[in-house]
file upload-v1.txt (compact mmCIF, C-alpha atoms)
# COMPACT_ATOMS: atom_id res chain seq x y z
CA MET A 660 134.43 101.20 20.26
CA LYS A 661 136.02 97.90 19.24
CA TYR A 662 138.09 97.83 22.42
CA LEU A 663 135.06 98.50 24.61
CA PHE A 664 133.18 95.66 22.94
CA PHE A 665 136.20 93.34 23.33
CA ILE A 666 136.55 94.19 27.04
CA LEU A 667 132.81 93.59 27.58
CA ILE A 668 133.01 90.16 25.88
CA CYS A 669 136.06 89.19 27.98
CA PHE A 670 134.34 90.29 31.19
CA LEU A 671 131.21 88.25 30.38
CA ALA A 672 133.28 85.20 29.45
CA VAL A 673 135.22 85.30 32.75
CA ARG A 674 132.03 85.95 34.71
CA SER A 675 130.18 82.99 33.14
CA TYR A 676 133.18 80.69 33.69
CA SER A 677 133.33 81.32 37.43
CA GLN A 678 130.05 79.69 38.41
CA ASN A 679 129.50 77.31 41.34
CA GLU A 680 130.65 73.73 40.87
CA GLY A 681 127.80 71.37 39.99
CA TYR A 682 125.24 72.28 42.66
CA LEU A 683 121.86 73.73 41.97
CA ILE A 684 119.84 75.30 44.73
CA LEU A 685 116.20 75.37 43.79
CA GLU A 686 113.76 77.52 45.68
CA GLN A 687 110.33 76.38 44.68
CA ASP A 688 107.05 78.16 45.03
CA GLN A 689 104.45 76.24 47.07
CA ARG A 690 102.03 76.55 44.16
CA ILE A 691 104.22 74.07 42.25
CA ASP A 692 103.65 71.50 45.01
CA ARG A 693 99.91 72.05 44.64
CA LEU A 694 100.20 71.55 40.86
CA ILE A 695 102.10 68.30 41.40
CA GLU A 696 99.39 67.07 43.78
CA LYS A 697 96.72 68.04 41.25
CA GLN A 698 98.60 66.12 38.55
CA LYS A 699 98.70 63.05 40.80
CA GLU A 700 94.92 63.29 41.26
CA ILE A 701 94.41 63.52 37.50
CA TYR A 702 96.71 60.54 36.98
CA MET A 703 94.79 58.47 39.51
CA ALA A 704 91.42 59.43 37.97
CA ASP A 705 92.37 58.68 34.33
CA SER A 706 95.55 56.77 33.73
CA THR A 707 95.15 56.54 29.95
CA ILE A 708 96.59 58.51 27.03
CA ASP A 709 96.17 58.47 23.27
CA GLY A 710 98.26 55.74 21.70
CA TYR A 711 98.15 52.63 19.55
CA ARG A 712 97.37 48.96 19.85
CA ILE A 713 97.51 46.08 17.40
CA GLN A 714 94.31 44.15 16.76
CA ILE A 715 95.12 40.48 16.12
CA PHE A 716 91.66 38.90 16.33
CA MET A 717 88.05 39.81 15.57
CA GLU A 718 85.13 37.40 15.42
CA SER A 719 81.42 37.24 16.08
CA GLY A 720 79.15 34.28 16.71
CA ASN A 721 78.39 31.70 19.35
CA ASP A 722 81.95 30.41 19.75
CA ALA A 723 83.68 33.77 19.41
CA VAL A 724 84.48 34.25 23.10
CA GLU A 725 85.95 30.75 23.44
CA HIS A 726 88.02 31.21 20.31
CA ALA A 727 89.17 34.65 21.52
CA ASN A 728 90.26 33.19 24.87
CA GLN A 729 92.17 30.43 23.08
CA VAL A 730 94.00 32.95 20.85
CA MET A 731 94.68 35.12 23.91
CA GLU A 732 96.29 32.24 25.83
CA GLU A 733 98.44 31.31 22.84
CA PHE A 734 99.53 34.92 22.46
CA LYS A 735 100.40 35.24 26.17
CA LEU A 736 102.61 32.16 25.92
CA GLN A 737 104.52 33.52 22.93
CA TYR A 738 104.70 37.18 24.02
CA PRO A 739 104.41 37.39 27.82
CA GLU A 740 105.82 40.94 27.92
CA ILE A 741 103.03 42.40 25.72
CA ALA A 742 99.68 43.24 27.35
CA VAL A 743 96.55 41.64 25.84
CA TYR A 744 93.04 43.14 25.96
CA LEU A 745 89.80 41.31 25.13
CA ILE A 746 87.24 43.88 23.99
CA PHE A 747 83.57 43.30 23.19
CA GLY A 748 81.88 45.71 20.82
CA GLN A 749 78.59 44.32 19.65
CA PRO A 750 78.62 41.90 17.82
CA TYR A 751 82.40 41.36 17.73
CA TYR A 752 84.98 40.11 20.19
CA ARG A 753 88.35 41.71 19.53
CA LEU A 754 91.83 41.01 20.84
CA ARG A 755 94.12 44.02 20.93
CA VAL A 756 97.69 43.90 22.16
CA GLY A 757 100.25 46.38 23.43
CA ASP A 758 100.34 49.90 24.80
CA PHE A 759 102.34 51.84 22.22
CA ARG A 760 102.81 55.58 22.64
CA THR A 761 103.84 56.13 19.02
CA ARG A 762 102.82 54.56 15.75
CA LEU A 763 106.49 53.78 15.09
CA GLN A 764 106.64 51.55 18.19
CA ALA A 765 103.47 49.78 17.06
CA GLU A 766 104.82 49.30 13.53
CA LYS A 767 107.93 47.60 14.88
CA ILE A 768 105.90 44.95 16.75
CA PHE A 769 103.31 44.76 13.97
CA LEU A 770 105.95 43.58 11.48
CA GLU A 771 106.66 40.60 13.72
CA LEU A 772 103.02 39.83 14.61
CA ASN A 773 101.78 40.11 11.03
CA LYS A 774 103.70 36.95 10.15
CA LYS A 775 101.44 34.85 12.39
CA TYR A 776 98.28 36.99 12.57
CA LYS A 777 97.55 37.79 8.90
CA ASN A 778 94.50 39.98 9.64
CA ALA A 779 96.34 42.11 12.22
CA PHE A 780 96.28 45.88 11.95
CA ILE A 781 97.25 48.92 14.00
CA THR A 782 94.49 50.95 15.62
CA ALA A 783 94.49 54.22 17.55
CA GLU A 784 93.14 53.80 21.07
CA ARG A 785 93.41 55.05 24.63
CA ILE A 786 96.31 53.14 26.22
CA ASN A 787 97.51 52.69 29.77
CA LEU A 788 100.15 55.12 30.96
CA PRO A 789 103.64 53.79 31.49
CA GLU A 790 104.70 53.35 35.10
CA ASN A 791 105.55 56.50 37.02
CA ILE A 792 109.16 56.30 38.26
CA PHE A 793 108.14 57.58 41.67
CA CYS A 794 105.74 54.62 42.02
CA ASP A 795 108.18 52.05 40.67
CA ASP A 796 110.17 49.92 43.13
CA ASP A 797 113.17 49.86 40.79
CA TYR A 798 113.88 53.52 41.48
CA ILE A 799 115.26 54.89 44.72
CA LEU A 800 114.66 58.47 45.74
CA GLU A 801 117.47 59.65 47.98
CA GLU A 802 117.92 62.88 49.89
CA GLN A 803 121.32 64.37 50.56
CA SER A 804 122.23 67.41 52.55
CA ILE A 805 125.04 69.59 51.18
CA ASN A 806 125.84 72.91 52.84
CA ASN A 807 122.53 72.82 54.74
CA ASP A 808 120.61 72.39 51.44
CA THR A 809 118.57 69.26 50.71
CA ILE A 810 119.25 67.69 47.33
CA MET A 811 116.98 65.00 45.86
CA GLN A 812 118.56 62.34 43.65
CA ILE A 813 116.93 59.49 41.76
CA TYR A 814 118.81 56.23 41.28
CA TYR A 815 117.77 53.24 39.20
CA TYR A 816 118.10 50.06 41.25
CA ASP A 817 119.15 47.11 39.12
CA GLU A 818 119.85 43.76 40.76
call {"tool": "encode", "arguments": {"input": "upload-v1.txt", "output": "structure tokens"}}
result
Amino acid sequence: MKYLFFILICFLAVRSYSQNEGYLILEQDQRIDRLIEKQKEIYMADSTIDGYRIQIFMESGNDAVEHANQVMEEFKLQYPEIAVYLIFGQPYYRLRVGDFRTRLQAEKIFLELNKKYKNAFITAERINLPENIFCDDDYILEEQSINNDTIMQIYYYDE
């Protein structure tokens, strides 16, 4: 019995070792293409997800919108890579910054912003989706034909 088990293990080991070298041939059901198209439609209809933003300003009153715009311009000069959103919810004007998918990402930026904006806090909100790589110009989608099979490859283009 031990010898039979040993022979079976050896056979499976040799069999799994002798696979094709690095090529994957994928035969895909057409229903998957329809699901991908449906996902694109959903993405185009609502391009937001649950996430976090940091509120750095909140004020009400006659001069609130002017003050909010002034704070927004100052923020854009200091942090041009972080998105800024001016939100009005009666009676307050609020400035919220960033599109953070996790609270940990928001906490990292919050520690820096809290030095200047003492009343800043993290809030859960619907955020904009990150860019889709297939819509981004920095990525190149390339087709190759190997043994009459088409293979899709994605390359990141960095100047």
call {"tool": "residues_around", "arguments": {"input": "upload-v1.txt", "residues": "Gly720 of chain A", "least_positions_apart": "6", "cutoff": "10 Å", "atoms": "all atoms listed in the file", "output": "VMD selection string"}}
result
chain A and resid 750 to 752
call {"tool": "atom_distance", "arguments": {"input": "upload-v1.txt", "atom1": "atom CA of Gln714 of chain A", "atom2": "atom CA of Thr782 of chain A"}}
result
6.9 Å
call {"tool": "closest_residue", "arguments": {"input": "upload-v1.txt", "among": "A:Val730, A:Ile691, A:Leu685, A:Leu763", "to": "Tyr744 of chain A", "atoms": "all atoms listed in the file"}}
result
A:Val730
call {"tool": "closest_residue", "arguments": {"input": "upload-v1.txt", "among": "A:Ile684, A:Ile668, A:Ile713, A:Ala783", "to": "Leu770 of chain A", "atoms": "only C-alpha atoms"}}
result
A:Ile713
call {"tool": "residues_around", "arguments": {"input": "upload-v1.txt", "residues": "Arg753 of chain A", "least_positions_apart": "2", "cutoff": "8 Å", "atoms": "all atoms listed in the file", "output": "PyMOL selection string"}}
result
chain A and resi 714-718+727+745-748+751+755
call {"tool": "closest_residue", "arguments": {"input": "upload-v1.txt", "among": "A:Val724, A:Ala765, A:Leu663, A:Ile701", "to": "Ile781 of chain A", "atoms": "only C-alpha atoms"}}
result
A:Ala765
call {"tool": "atom_distance", "arguments": {"input": "upload-v1.txt", "atom1": "atom CA of Arg785 of chain A", "atom2": "atom CA of Val743 of chain A"}}
result
13.8 Å
call {"tool": "atom_distance", "arguments": {"input": "upload-v1.txt", "atom1": "atom CA of Met731 of chain A", "atom2": "atom CA of Asp709 of chain A"}}
result
23.4 Å
call {"tool": "closest_residue", "arguments": {"input": "upload-v1.txt", "among": "A:Ala779, A:Leu772, A:Val756, A:Leu694", "to": "Gly710 of chain A", "atoms": "only C-alpha atoms"}}
result
A:Val756
call {"tool": "closest_residue", "arguments": {"input": "upload-v1.txt", "among": "A:Phe780, A:Ile786, A:Gln749, A:Phe769", "to": "Ser719 of chain A", "atoms": "all atoms listed in the file"}}
result
A:Gln749
call {"tool": "axis_aligned_box", "arguments": {"input": "upload-v1.txt", "around": "segment 687-703 of chain A", "padding_each_side": "8 Å", "output": "JSON"}}
result
{"center_x": 102.4, "center_y": 68.3, "center_z": 42.0, "size_x": 31.9, "size_y": 35.7, "size_z": 26.1}
call {"tool": "closest_residue", "arguments": {"input": "upload-v1.txt", "among": "A:Arg712, A:Glu700, A:Thr707, A:Asp692", "to": "Gln764 of chain A", "atoms": "all atoms listed in the file"}}
result
A:Arg712
call {"tool": "decode", "arguments": {"input": "upload-v1.txt", "residues": "segment 668-799 of chain A", "atoms": "C-alpha atoms", "output": "CSV table (one decimal), in the first residue's frame"}}
result
chain,number,residue,atom,x,y,z
A,668,ILE,CA,2.7,10.8,-5.6
A,669,CYS,CA,5.7,10.5,-8.0
A,670,PHE,CA,3.4,10.2,-11.0
A,671,LEU,CA,1.5,13.4,-10.0
A,672,ALA,CA,4.7,15.3,-9.3
A,673,VAL,CA,6.1,14.5,-12.7
A,674,ARG,CA,2.8,15.2,-14.4
A,675,SER,CA,2.5,18.6,-12.7
A,676,TYR,CA,6.1,19.6,-13.6
A,677,SER,CA,5.7,19.0,-17.3
A,678,GLN,CA,3.3,21.8,-18.0
A,679,ASN,CA,3.5,24.3,-20.9
A,680,GLU,CA,6.0,27.1,-20.6
A,681,GLY,CA,4.4,30.4,-19.5
A,682,TYR,CA,1.5,30.7,-21.9
A,683,LEU,CA,-2.1,30.7,-20.9
A,684,ILE,CA,-4.8,30.1,-23.5
A,685,LEU,CA,-8.0,31.5,-22.3
A,686,GLU,CA,-11.3,30.6,-23.9
A,687,GLN,CA,-13.9,33.0,-22.6
A,688,ASP,CA,-17.6,32.7,-22.7
A,689,GLN,CA,-19.4,35.6,-24.5
A,690,ARG,CA,-21.4,36.2,-21.4
A,691,ILE,CA,-18.3,37.5,-19.7
A,692,ASP,CA,-18.0,40.2,-22.5
A,693,ARG,CA,-21.6,41.2,-21.8
A,694,LEU,CA,-20.8,41.4,-18.0
A,695,ILE,CA,-17.8,43.6,-18.8
A,696,GLU,CA,-20.0,45.9,-20.9
A,697,LYS,CA,-22.6,46.1,-18.2
A,698,GLN,CA,-19.9,47.0,-15.7
A,699,LYS,CA,-18.7,49.8,-18.0
A,700,GLU,CA,-22.3,51.1,-18.1
A,701,ILE,CA,-22.5,51.0,-14.3
A,702,TYR,CA,-19.2,52.8,-14.0
A,703,MET,CA,-20.3,55.5,-16.4
A,704,ALA,CA,-23.7,56.0,-14.6
A,705,ASP,CA,-22.2,56.2,-11.0
A,706,SER,CA,-18.5,56.7,-10.7
A,707,THR,CA,-18.4,57.0,-6.9
A,708,ILE,CA,-17.7,54.5,-4.1
A,709,ASP,CA,-17.7,54.6,-0.3
A,710,GLY,CA,-14.6,56.2,1.0
A,711,TYR,CA,-13.2,59.1,3.1
A,712,ARG,CA,-12.5,62.8,2.8
A,713,ILE,CA,-11.0,65.3,5.2
A,714,GLN,CA,-13.1,68.3,6.1
A,715,ILE,CA,-10.8,71.3,6.6
A,716,PHE,CA,-13.3,74.2,6.7
A,717,MET,CA,-16.9,74.8,7.8
A,718,GLU,CA,-18.6,78.2,8.1
A,719,SER,CA,-21.9,79.9,7.8
A,720,GLY,CA,-22.8,83.5,7.3
A,721,ASN,CA,-22.7,86.2,4.7
A,722,ASP,CA,-19.0,86.0,4.0
A,723,ALA,CA,-18.7,82.2,4.2
A,724,VAL,CA,-18.5,81.5,0.5
A,725,GLU,CA,-15.8,84.1,0.0
A,726,HIS,CA,-13.8,82.8,2.9
A,727,ALA,CA,-14.3,79.2,1.7
A,728,ASN,CA,-13.0,80.2,-1.8
A,729,GLN,CA,-10.0,81.9,-0.2
A,730,VAL,CA,-9.1,78.8,1.9
A,731,MET,CA,-9.6,76.6,-1.2
A,732,GLU,CA,-7.2,78.6,-3.3
A,733,GLU,CA,-4.6,78.5,-0.5
A,734,PHE,CA,-5.0,74.8,-0.1
A,735,LYS,CA,-4.7,74.2,-3.9
A,736,LEU,CA,-1.4,76.1,-3.9
A,737,GLN,CA,0.0,74.0,-1.1
A,738,TYR,CA,-1.4,70.6,-2.1
A,739,PRO,CA,-2.0,70.7,-5.9
A,740,GLU,CA,-2.2,66.8,-6.0
A,741,ILE,CA,-5.2,66.6,-3.6
A,742,ALA,CA,-8.7,67.2,-4.9
A,743,VAL,CA,-10.8,69.9,-3.2
A,744,TYR,CA,-14.6,70.0,-3.0
A,745,LEU,CA,-16.7,72.9,-1.9
A,746,ILE,CA,-20.0,71.6,-0.5
A,747,PHE,CA,-23.0,73.6,0.6
A,748,GLY,CA,-25.3,72.0,3.1
A,749,GLN,CA,-27.7,74.6,4.5
A,750,PRO,CA,-26.5,76.8,6.3
A,751,TYR,CA,-22.9,75.7,6.1
A,752,TYR,CA,-20.2,75.9,3.4
A,753,ARG,CA,-17.7,73.0,3.8
A,754,LEU,CA,-14.4,72.3,2.2
A,755,ARG,CA,-13.5,68.6,2.0
A,756,VAL,CA,-10.3,67.3,0.4
A,757,GLY,CA,-9.1,64.0,-1.0
A,758,ASP,CA,-10.6,60.8,-2.3
A,759,PHE,CA,-9.3,58.2,0.1
A,760,ARG,CA,-10.5,54.6,-0.3
A,761,THR,CA,-9.4,53.6,3.2
A,762,ARG,CA,-9.5,55.3,6.5
A,763,LEU,CA,-5.7,54.6,6.9
A,764,GLN,CA,-5.0,56.6,3.7
A,765,ALA,CA,-7.0,59.5,5.1
A,766,GLU,CA,-5.3,59.3,8.5
A,767,LYS,CA,-1.9,59.6,6.9
A,768,ILE,CA,-2.8,62.9,5.1
A,769,PHE,CA,-4.9,64.1,8.1
A,770,LEU,CA,-1.8,64.0,10.4
A,771,GLU,CA,-0.1,66.5,8.0
A,772,LEU,CA,-3.2,68.7,7.4
A,773,ASN,CA,-4.2,68.9,11.1
A,774,LYS,CA,-1.0,71.0,11.8
A,775,LYS,CA,-2.4,73.8,9.7
A,776,TYR,CA,-6.2,73.2,9.8
A,777,LYS,CA,-6.9,72.7,13.6
A,778,ASN,CA,-10.6,71.9,13.1
A,779,ALA,CA,-10.0,69.3,10.4
A,780,PHE,CA,-11.6,65.8,10.8
A,781,ILE,CA,-12.1,62.7,8.7
A,782,THR,CA,-15.6,62.0,7.3
A,783,ALA,CA,-17.1,59.1,5.4
A,784,GLU,CA,-18.4,60.1,2.0
A,785,ARG,CA,-19.0,58.9,-1.5
A,786,ILE,CA,-15.7,59.5,-3.4
A,787,ASN,CA,-14.7,59.5,-7.0
A,788,LEU,CA,-13.4,56.3,-8.4
A,789,PRO,CA,-9.7,56.1,-9.2
A,790,GLU,CA,-8.9,56.1,-12.9
A,791,ASN,CA,-9.5,52.9,-14.9
A,792,ILE,CA,-6.3,51.7,-16.4
A,793,PHE,CA,-8.0,51.0,-19.7
A,794,CYS,CA,-9.0,54.7,-19.9
A,795,ASP,CA,-5.6,56.0,-18.8
A,796,ASP,CA,-3.1,57.2,-21.4
A,797,ASP,CA,-0.2,56.0,-19.4
A,798,TYR,CA,-1.1,52.4,-20.0
A,799,ILE,CA,-0.7,50.6,-23.4
